[in-house]
Amino acid sequence: MYLITVFGNLLIILAVSSDSHLHTPMYFFLSNLSFVDICFTSTTVPKMLVNIQTQSKVITYEGCITQMYFFLLFGMLDVNLLTVMAYDRFVAICHPLHYTVIMHPRLCGQLVLLCWIMIVSLFYVTSLGVYLSSPATHNARSSATASVLYTVVTPMLNPFIYSLRNKDIKGALKRSFGMTA
């Protein structure tokens, strides 16, 4: 599942960066989402796989803090990018004649930068919630299942949901690999 996530998202990044027809705000945001999904799953899954292989659940304090930082950073960035993508689609649907004026490249870059800045500032507030919650209220088995669904399954499905069902992405991938469209 981890390999499907990484390769699926890398394919989207490759398609968007290599095809000039896809240099639009929607695909710019999709490629950023793909990058964030790779980073998000890479913060936890490799360590989880090592833990499964070695039958050890040991992590250093510094490793735990670092992993939590990047997990929260990329998780919140995912949510903010999805919000920006929703705004992009709102403008495209509700103001189609003004879309290119409203969603110009500078604004798109500023929206992505704003996502990063918001996440870094919100990180400190949200991380307090993690440390202030009581471990006695959590069921270990349901927490583990929810964690796997959230950290592995969702980023794996994002390429299929947002891009690979799209004829423009399929065409760009075919052109990238030298196949006829």
# chains A, B, ... in the order shown; residues from 1 in each chain; ligands from 1
call {"tool": "residues_around", "arguments": {"residues": "stretch 93-105 of chain A", "least_positions_apart": "4", "cutoff": "12 Å", "atoms": "only C-alpha atoms", "output": "list in words"}}
result
His23, Thr24, Pro25, Met26, Tyr27, Phe28, Phe29, Val84, Met85, Ala86, Tyr87, Asp88, Arg89, Gly109, Gln110, Leu111 and Val112 of chain A
call {"tool": "closest_residue", "arguments": {"among": "A:Ser163, A:Asn32, A:Thr154, A:Thr44", "to": "A:Leu72", "atoms": "only C-alpha atoms"}}
result
A:Thr44
call {"tool": "closest_residue", "arguments": {"among": "A:Ser176, A:Pro155, A:Ile59, A:Phe70", "to": "A:Leu3", "atoms": "only C-alpha atoms"}}
result
A:Pro155
call {"tool": "closest_residue", "arguments": {"among": "A:Leu107, A:Ala15, A:Met48, A:Met118", "to": "A:Leu77", "atoms": "only C-alpha atoms"}}
result
A:Met118
call {"tool": "closest_residue", "arguments": {"among": "A:Ser18, A:Thr41, A:Thr83, A:Gln67", "to": "A:Val153", "atoms": "only C-alpha atoms"}}
result
A:Thr41
call {"tool": "closest_residue", "arguments": {"among": "A:Ile65, A:Val58, A:Val152, A:Cys108", "to": "A:Leu81", "atoms": "only C-alpha atoms"}}
result
A:Cys108
call {"tool": "closest_residue", "arguments": {"among": "A:Ile117, A:Val91, A:Ile38, A:Leu33", "to": "A:Phe7", "atoms": "only C-alpha atoms"}}
result
A:Ile38
